[in-house]
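Trainee: This is the content of final-v2.txt (compact mmCIF, C-alpha atoms):
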```txt
# COMPACT_ATOMS: atom_id res chain seq x y z
CA MET A 522 7.71 27.75 -88.49
CA LYS A 523 5.07 25.13 -89.30
CA TYR A 524 7.79 22.68 -90.33
CA THR A 525 9.76 23.29 -87.14
CA PHE A 526 6.71 22.81 -84.95
CA SER A 527 5.74 19.58 -86.74
CA PHE A 528 9.27 18.25 -86.43
CA LEU A 529 9.27 18.93 -82.68
CA CYS A 530 5.94 17.15 -82.33
CA ILE A 531 7.33 14.08 -84.09
CA LEU A 532 10.35 14.05 -81.78
CA PHE A 533 8.04 14.29 -78.75
CA LEU A 534 5.95 11.36 -79.95
CA ILE A 535 9.02 9.23 -80.61
CA ASN A 536 10.49 9.95 -77.20
CA SER A 537 7.23 9.40 -75.35
CA SER A 538 6.73 6.00 -76.98
CA THR A 539 10.27 4.78 -76.30
CA SER A 540 10.82 2.48 -73.34
CA GLN A 541 14.24 3.26 -71.90
CA THR A 542 15.51 1.03 -69.10
CA LYS A 543 18.51 1.58 -66.83
CA ILE A 544 20.67 -1.15 -65.29
CA ILE A 545 22.36 -0.29 -61.98
CA ASP A 546 24.45 -1.92 -59.26
CA GLN A 547 22.13 -2.98 -56.42
CA ASP A 548 24.50 -1.73 -53.71
CA THR A 549 26.21 1.35 -55.16
CA LYS A 550 23.37 2.43 -57.50
CA TYR A 551 26.02 3.16 -60.13
CA PRO A 552 25.16 2.23 -63.73
CA VAL A 553 26.28 -1.17 -65.03
CA SER A 554 27.96 -0.11 -68.25
CA TYR A 555 27.75 -2.16 -71.47
CA ALA A 556 25.71 -5.02 -70.01
CA THR A 557 24.58 -7.69 -72.47
CA ILE A 558 20.83 -8.05 -73.00
CA SER A 559 20.02 -11.36 -74.70
CA PHE A 560 16.65 -12.45 -76.01
CA GLY A 561 17.30 -16.16 -75.55
CA ASP A 562 17.13 -17.05 -79.24
CA GLY A 563 20.35 -15.51 -80.49
CA GLN A 564 19.18 -11.92 -80.59
CA GLY A 565 20.31 -9.14 -78.30
CA LEU A 566 21.70 -5.67 -77.70
CA PHE A 567 23.94 -3.77 -75.27
CA ALA A 568 23.42 -1.13 -72.62
CA ASP A 569 25.45 2.05 -73.05
CA ASP A 570 27.99 3.53 -70.62
CA ASP A 571 25.14 4.87 -68.45
CA GLY A 572 23.54 1.41 -68.26
CA LEU A 573 20.69 2.49 -70.55
CA PHE A 574 19.05 0.41 -73.28
CA ILE A 575 15.85 0.59 -75.31
CA PHE A 576 13.46 -2.35 -75.58
CA THR A 577 9.86 -2.16 -76.78
CA LYS A 578 7.30 -4.82 -77.65
CA LYS A 579 6.68 -2.88 -80.85
CA LEU A 580 10.25 -3.60 -82.00
CA TYR A 581 10.39 -7.15 -80.62
CA LYS A 582 6.82 -8.47 -80.70
CA ASP A 583 7.57 -12.14 -80.02
CA ILE A 584 10.05 -11.70 -77.17
CA ASP A 585 8.69 -12.47 -73.70
CA SER A 586 11.94 -12.76 -71.69
CA LEU A 587 15.23 -10.90 -71.37
CA PHE A 588 18.49 -12.36 -70.06
CA ILE A 589 20.94 -9.78 -68.69
CA SER A 590 24.61 -10.42 -67.95
CA SER A 591 27.69 -8.38 -67.11
CA LEU A 592 31.19 -9.12 -65.86
CA GLY A 593 31.21 -9.56 -62.08
CA TYR A 594 27.42 -9.73 -61.68
CA LYS A 595 24.84 -12.49 -61.28
CA ASP A 596 22.83 -13.18 -64.43
CA LEU A 597 19.22 -11.99 -64.52
CA ALA A 598 16.12 -13.28 -66.29
CA LEU A 599 13.16 -10.90 -66.61
CA ALA A 600 9.77 -10.95 -68.27
CA THR A 601 9.24 -8.25 -70.89
CA VAL A 602 5.71 -7.60 -69.61
CA ASN A 603 5.81 -4.58 -67.28
CA LEU A 604 9.57 -4.31 -67.69
CA PRO A 605 10.80 -1.97 -64.91
CA LYS A 606 12.46 1.34 -65.72
CA VAL A 607 15.35 0.47 -63.39
CA ILE A 608 16.93 -3.00 -63.12
CA GLU A 609 19.26 -3.79 -60.22
CA MET A 610 22.05 -6.36 -60.57
CA GLN A 611 23.76 -8.18 -57.70
CA VAL A 612 27.52 -8.53 -57.53
CA ALA A 613 28.64 -12.16 -57.81
CA ILE A 614 30.79 -12.64 -54.71
CA ASN A 615 32.80 -15.50 -56.21
CA THR A 616 33.82 -13.39 -59.20
CA LEU A 617 35.09 -10.30 -57.37
CA ASP A 618 38.55 -9.17 -58.37
CA GLU A 619 41.18 -10.56 -56.03
CA VAL A 620 42.90 -7.92 -53.93
CA ILE A 621 46.54 -8.44 -54.75
CA VAL A 622 49.18 -6.47 -52.88
CA THR A 623 52.08 -6.19 -55.28
CA ALA A 624 55.36 -4.51 -54.50
CA LYS A 625 56.49 -1.98 -57.05
CA ILE A 626 58.46 -3.74 -59.75
CA ASP A 627 61.61 -1.69 -60.12
CA ARG A 628 63.57 -4.29 -62.04
CA LYS A 629 64.93 -3.50 -65.45
CA PHE A 630 62.86 -4.73 -68.36
CA LYS A 631 63.02 -5.08 -72.10
CA VAL A 632 60.15 -3.86 -74.25
CA GLU A 633 58.98 -6.63 -76.58
CA THR A 634 56.52 -6.42 -79.48
CA ILE A 635 54.48 -8.98 -81.36
CA LYS A 636 53.52 -7.10 -84.49
CA PRO A 637 49.96 -7.19 -85.87
CA TYR A 638 49.21 -8.43 -89.39
CA LEU A 639 47.82 -5.54 -91.45
CA ASP A 640 45.92 -5.81 -94.72
CA ASP A 641 43.67 -3.47 -96.69
CA ASP A 642 42.07 -6.14 -98.88
CA TYR A 643 38.30 -6.08 -98.38
CA TYR A 644 38.02 -9.76 -99.36
CA LYS A 645 40.38 -10.85 -96.57
CA CYS A 646 38.34 -9.30 -93.78
CA TRP A 647 35.96 -10.40 -91.07
CA LEU A 648 32.76 -8.34 -91.14
CA PRO A 649 32.08 -7.51 -87.46
CA THR A 650 28.58 -8.11 -86.10
CA ILE A 651 27.38 -7.57 -82.53
CA GLU A 652 26.55 -11.26 -82.18
CA SER A 653 30.18 -12.44 -82.31
CA GLU A 654 33.22 -12.19 -80.06
CA ILE A 655 36.68 -12.98 -81.45
CA ALA A 656 39.49 -14.21 -79.15
CA VAL A 657 43.17 -14.57 -80.10
CA PHE A 658 45.66 -16.76 -78.19
CA PHE A 659 49.15 -15.62 -77.15
CA PRO A 660 51.51 -18.28 -75.73
CA ASN A 661 54.08 -17.50 -73.06
CA GLY A 662 57.50 -18.13 -74.55
CA ASN A 663 59.53 -18.39 -71.32
CA GLU A 664 59.34 -18.15 -67.53
CA LYS A 665 60.23 -14.47 -67.26
CA LEU A 666 57.70 -12.06 -65.72
CA LYS A 667 55.83 -10.18 -68.44
CA LYS A 668 53.37 -7.30 -68.18
CA ILE A 669 51.06 -6.47 -71.10
CA THR A 670 51.25 -2.75 -71.85
CA SER A 671 49.17 -2.39 -75.02
CA VAL A 672 47.23 -4.36 -77.61
CA LEU A 673 47.57 -3.63 -81.33
CA PHE A 674 44.32 -4.26 -83.20
CA PRO A 675 44.62 -4.28 -87.02
CA ILE A 676 41.70 -2.66 -88.86
CA THR A 677 40.95 -2.18 -92.53
CA LEU A 678 40.03 1.24 -93.89
CA GLU A 679 37.77 1.45 -96.92
CA SER A 680 37.84 4.23 -99.47
CA ARG A 681 34.69 6.14 -100.35
CA ASP A 682 35.38 5.41 -103.99
CA TRP A 683 35.62 1.64 -104.55
CA GLU A 684 37.93 2.11 -107.54
CA LYS A 685 40.43 3.98 -105.34
CA ARG A 686 40.23 1.74 -102.29
CA LYS A 687 43.93 0.75 -102.37
CA ARG A 688 45.30 4.25 -102.83
CA SER A 689 46.83 5.76 -99.70
CA ASN A 690 45.58 9.26 -100.55
CA ALA A 691 41.97 8.21 -101.15
CA ASP A 692 39.19 9.58 -98.93
CA LYS A 693 38.38 7.02 -96.25
CA ARG A 694 34.88 5.91 -95.36
CA LYS A 695 33.97 7.42 -92.00
CA PHE A 696 32.95 5.40 -88.95
CA SER A 697 32.89 5.74 -85.17
CA THR A 698 32.62 2.33 -83.53
CA LEU A 699 32.79 1.17 -79.93
CA PHE A 700 34.55 -2.09 -79.03
CA LYS A 701 34.77 -4.10 -75.81
CA VAL A 702 38.00 -5.93 -74.95
CA LYS A 703 38.44 -8.87 -72.56
CA PHE A 704 41.43 -10.89 -71.38
CA TYR A 705 40.97 -14.60 -70.69
CA LYS A 706 43.08 -17.23 -69.01
CA ASN A 707 43.98 -20.32 -71.02
CA ASP A 708 42.36 -23.61 -70.05
CA LYS A 709 43.72 -26.45 -72.20
CA GLY A 710 43.79 -24.28 -75.29
CA VAL A 711 40.38 -22.59 -74.83
CA PRO A 712 39.46 -19.19 -73.29
CA SER A 713 38.26 -19.63 -69.68
CA ASP A 714 38.13 -17.20 -66.72
CA VAL A 715 38.61 -13.50 -67.31
CA MET A 716 41.85 -11.92 -66.06
CA THR A 717 40.11 -8.69 -65.00
CA TYR A 718 36.49 -7.70 -64.40
CA THR A 719 37.13 -4.10 -65.37
CA ASN A 720 35.19 -2.89 -68.41
CA ILE A 721 37.72 -2.12 -71.13
CA VAL A 722 36.29 -0.33 -74.15
CA PHE A 723 37.65 1.87 -76.92
CA ARG A 724 36.30 3.88 -79.82
CA ALA A 725 37.89 3.50 -83.25
CA THR A 726 37.50 5.92 -86.16
CA GLU A 727 39.07 6.14 -89.60
CA LYS A 728 41.48 8.69 -88.15
CA ASN A 729 43.25 5.94 -86.18
CA GLY A 730 44.70 4.49 -89.38
CA ASP A 731 45.06 0.75 -90.01
CA GLU A 732 46.13 -0.10 -86.45
CA PHE A 733 44.54 0.84 -83.13
CA GLU A 734 46.85 0.72 -80.11
CA LEU A 735 44.97 0.20 -76.85
CA ASP A 736 46.93 1.11 -73.71
CA VAL A 737 46.20 -1.43 -70.94
CA SER A 738 49.21 -0.74 -68.70
CA GLU A 739 47.02 0.53 -65.84
CA HIS A 740 45.24 -2.85 -65.53
CA ASN A 741 48.34 -4.73 -64.33
CA LEU A 742 47.85 -7.66 -66.68
CA PHE A 743 50.68 -10.18 -66.34
CA ILE A 744 50.98 -13.00 -68.86
CA PRO A 745 50.15 -16.38 -67.21
CA GLU A 746 52.66 -19.18 -67.67
CA ASP A 747 50.33 -21.05 -70.05
CA GLY A 748 49.46 -17.97 -72.11
CA PHE A 749 46.31 -15.91 -72.46
CA PHE A 750 43.59 -14.79 -74.87
CA VAL A 751 42.59 -11.25 -75.79
CA SER A 752 39.14 -10.78 -77.31
CA LEU A 753 37.36 -8.13 -79.32
CA GLN A 754 33.61 -7.55 -79.49
CA VAL A 755 31.88 -4.77 -81.42
CA LEU A 756 29.21 -2.94 -79.38
CA GLY A 757 27.97 -0.70 -82.18
CA TYR A 758 28.28 2.74 -83.70
CA THR A 759 28.60 5.88 -81.57
CA ASP A 760 27.81 9.55 -81.99
CA GLN A 761 30.60 12.11 -82.42
CA ASN A 762 31.09 12.24 -78.64
CA GLY A 763 31.59 8.48 -78.32
CA LYS A 764 28.11 7.75 -76.93
CA LEU A 765 26.84 4.31 -77.96
CA LEU A 766 23.87 4.55 -80.32
CA PRO A 767 20.97 2.06 -80.47
CA ASN A 768 22.04 -0.56 -83.00
CA LYS A 769 19.85 -3.27 -84.53
CA LYS A 770 21.41 -6.70 -84.86
CA TYR A 771 19.61 -7.38 -88.15
CA LYS A 772 18.74 -5.36 -91.21
CA GLU A 773 15.82 -6.49 -93.34
CA ILE A 774 16.27 -6.90 -97.09
CA LYS A 775 13.48 -7.70 -99.50
CA GLY A 776 14.16 -10.96 -101.34
CA ARG A 777 12.28 -13.28 -103.69
CA ILE A 778 10.48 -15.00 -100.83
CA GLY A 779 9.82 -11.88 -98.78
CA MET A 780 11.78 -9.98 -96.16
CA VAL A 781 15.07 -11.61 -95.13
CA LYS A 782 17.02 -10.80 -91.97
CA ILE A 783 20.73 -10.15 -92.58
CA PRO A 784 23.17 -9.55 -89.71
CA THR A 785 24.18 -5.89 -89.55
CA ASN A 786 27.88 -5.44 -90.31
CA PHE A 787 29.83 -2.69 -88.60
CA ARG A 788 32.91 -0.81 -89.73
CA PRO A 789 35.87 -1.06 -89.45
CA LEU A 790 36.50 -4.47 -91.01
CA LEU A 791 38.99 -6.81 -89.32
CA PRO A 792 41.73 -8.24 -91.59
CA PHE A 793 42.50 -11.97 -91.28
CA THR A 794 45.79 -13.58 -92.27
CA ASP A 795 47.24 -16.88 -93.49
CA GLN A 796 50.72 -16.03 -92.15
CA ILE A 797 50.24 -17.76 -88.78
CA ASP A 798 50.71 -21.54 -88.73
CA ALA A 799 48.73 -22.22 -85.55
CA HIS A 800 44.96 -21.82 -85.25
CA ASN A 801 45.04 -19.08 -82.60
CA THR A 802 41.62 -17.53 -83.27
CA PHE A 803 38.37 -18.56 -81.55
CA ILE A 804 34.83 -17.22 -81.93
CA LYS A 805 31.55 -17.42 -80.02
CA ARG A 806 28.04 -16.00 -80.24
CA VAL A 807 27.49 -13.66 -77.31
CA PHE A 808 23.70 -13.66 -77.15
CA ILE A 809 23.31 -17.41 -76.64
CA SER A 810 23.40 -18.45 -72.99
CA GLY A 811 26.05 -21.05 -72.23
CA ASN A 812 27.55 -20.94 -75.70
CA THR A 813 31.09 -22.27 -75.97
CA TRP A 814 34.13 -21.06 -77.86
CA VAL A 815 34.84 -22.59 -81.26
CA GLN A 816 38.28 -22.68 -82.86
CA PHE A 817 38.22 -20.82 -86.17
CA LYS A 818 39.29 -23.52 -88.60
CA LYS A 819 37.91 -25.85 -91.24
CA GLY A 820 35.87 -28.77 -89.97
CA ASN A 821 34.31 -26.89 -87.05
CA ALA A 822 30.98 -26.24 -88.78
CA ILE A 823 31.80 -22.58 -89.41
CA GLU A 824 30.47 -21.01 -92.59
CA SER A 825 33.07 -18.46 -93.66
CA SER A 826 34.61 -17.50 -96.98
CA LEU A 827 37.82 -16.70 -95.06
CA LEU A 828 38.41 -20.34 -94.19
CA LYS A 829 38.06 -21.35 -97.85
CA THR A 830 41.21 -19.34 -98.60
CA ASN A 831 43.06 -20.44 -95.43
CA LEU A 832 42.65 -17.08 -93.66
CA ASN A 833 42.50 -18.67 -90.21
CA ASN A 834 43.61 -15.93 -87.83
CA TYR A 835 42.92 -12.37 -86.78
CA GLY A 836 46.48 -11.08 -86.46
CA VAL A 837 46.39 -9.05 -83.25
CA GLY A 838 49.69 -7.75 -81.85
CA ILE A 839 50.83 -6.80 -78.34
CA ASN A 840 53.49 -4.79 -76.55
CA TYR A 841 54.77 -6.08 -73.23
CA ASN A 842 57.54 -5.53 -70.69
CA GLU A 843 59.75 -8.56 -70.05
CA TYR A 844 61.44 -8.13 -66.65
CA LYS A 845 64.96 -9.26 -65.95
CA ASP A 846 65.52 -11.87 -63.26
CA GLU A 847 66.08 -10.62 -59.71
```
Is it possible to give me this structure as structure tokens?
Mentor:
Amino acid sequence: MKYTFSFLCILFLINSSTSQTKIIDQDTKYPVSYATISFGDGQGLFADDDGLFIFTKKLYKDIDSLFISSLGYKDLALATVNLPKVIEMQVAINTLDEVIVTAKIDRKFKVETIKPYLDDDYYKCWLPTIESEIAVFFPNGNEKLKKITSVLFPITLESRDWEKRKRSNADKRKFSTLFKVKFYKNDKGVPSDVMTYTNIVFRATEKNGDEFELDVSEHNLFIPEDGFFVSLQVLGYTDQNGKLLPNKKYKEIKGRIGMVKIPTNFRPLLPFTDQIDAHNTFIKRVFISGNTWVQFKKGNAIESSLLKTNLNNYGVGINYNEYKDE
């Protein structure tokens, strides 16, 4: 009983010292899910589905300002001193989804698939961190109307036992990770405006196998004539119910010259491929305001062991309906 009482006291102290802040829509008072909270120097974190995040001066002693952004809302800059418990965000009028009245498409269509590139080799994988967003370009091959129905994200599963990592019957390392997905229009070969302001997220676990199929048919995403980009951004680990957990961007490791900050890697790993001739993959750092997309290839000042072995692309696949002419 003494142990139980002490444990409860510790929990009470932890909870009472934690500063939890909620982000809501100024008009509707609904939570702004998965908003990005940047610290202005490349650090940051995400709100959960209820718009909640934890920030304390004890954890981030040198941070005096927060920069908050979310799809469809005006950016906010706030001082960390006397940070309010509730933050209200204003809808950006010029970024509201267009109201498009579309007649039901009852034409015949052919289901087409661009297959993903799968690989279980640890050394051919991108190690996801919450500071990076990866975008992959898909060209439009012809003038026919095409609706995206699902996206096929390749993931790499690791075995618990390193020696058995390539055996199909080996026990897989467990994970439960939340990802955010965006669709971008193509502007001269670079991701530009988003195609929808709806939050699209999914949770991946080892039970999904080496490919996660995300159904996006309800979002009415039609492929623009000059192609589009689909992006993937890891938000962090979740609990068993899919609730986003607080995740630190860096882990500290003791080195020869003291404590060193290393970006926290999240599972699953993302396999890259050398089987695509074009450089279709772009990356950007999400916690730096105004940062631009960079094409993932040699010569673009990107430090990556993948590029040294010509692994230039994340091989995402898609399913889409190609409609016959009227």
Trainee: Check the smallest atom-to-atom distance from each of A:Gln611, A:Pro745, A:Val602, A:Ser590 to Gln547 of chain A using only C-alpha atoms, then report the winner.
Mentor: A:Gln611
Trainee: Would you please work out which residue, of A:Lys665, A:Arg788, A:Lys805, A:Lys769, is nearest to Gly565 of chain A when using all atoms listed in the file?
Mentor: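 Once distances to Gly565 of chain A are computed over all atoms listed in the file, the minimum belongs to A:Lys769.
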Trainee: Go through A:Phe793, A:Lys606, A:Asp641, A:Ser713 and flag the residue nearest Ser680 of chain A, using only C-alpha atoms for the distances.
Mentor: A:Asp641
Trainee: Between A:Gly593, A:Ile651, A:Ala613, A:Lys582, which one has atoms that come closest to Tyr758 of chain A, using all atoms listed in the file?
Mentor: A:Ile651
Trainee: Between A:Arg724, A:Lys645, A:Arg681, A:Lys845, which has the minimum distance to Leu699 of chain A (counting all atoms listed in the file)?
Mentor: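 Of the candidates, the smallest distance to Leu699 of chain A is held by A:Arg724.
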Trainee: So how many Å separate atom CA of Leu599 of chain A and atom CA of Asp546 of chain A, to one decimal?
Mentor: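 So the two atoms, atom CA of Leu599 of chain A and atom CA of Asp546 of chain A, lie 16.2 Å apart.
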Trainee: What's the 12 Å shell around Gly763 of chain A, counting only C-alpha atoms, without same-chain residues fewer than 3 positions away, as a PyMOL selection string?
Mentor: chain A and resi 569-570+696-700+722-726+756-760+766
Trainee: Please write the residues from the selection above to a file, keeping C-alpha atoms, as a short mmCIF file (atom, residue, chain, number, x, y, z; two decimals), in the coordinates of the input.
Mentor:
```cif
data_model
loop_
_atom_site.label_atom_id
_atom_site.label_comp_id
_atom_site.auth_asym_id
_atom_site.auth_seq_id
_atom_site.Cartn_x
_atom_site.Cartn_y
_atom_site.Cartn_z
CA ASP A 569 25.45 2.05 -73.05
CA ASP A 570 27.99 3.53 -70.62
CA PHE A 696 32.95 5.40 -88.95
CA SER A 697 32.89 5.74 -85.17
CA THR A 698 32.62 2.33 -83.53
CA LEU A 699 32.79 1.17 -79.93
CA PHE A 700 34.55 -2.09 -79.03
CA VAL A 722 36.29 -0.33 -74.15
CA PHE A 723 37.65 1.87 -76.92
CA ARG A 724 36.30 3.88 -79.82
CA ALA A 725 37.89 3.50 -83.25
CA THR A 726 37.50 5.92 -86.16
CA LEU A 756 29.21 -2.94 -79.38
CA GLY A 757 27.97 -0.70 -82.18
CA TYR A 758 28.28 2.74 -83.70
CA THR A 759 28.60 5.88 -81.57
CA ASP A 760 27.81 9.55 -81.99
CA LEU A 766 23.87 4.55 -80.32
#
```
Trainee: Which distance in Å separates atom CA of Ala656 of chain A and atom CA of Ser559 of chain A, to one decimal?
Mentor: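 Between atom CA of Ala656 of chain A and atom CA of Ser559 of chain A the gap is 20.2 Å.
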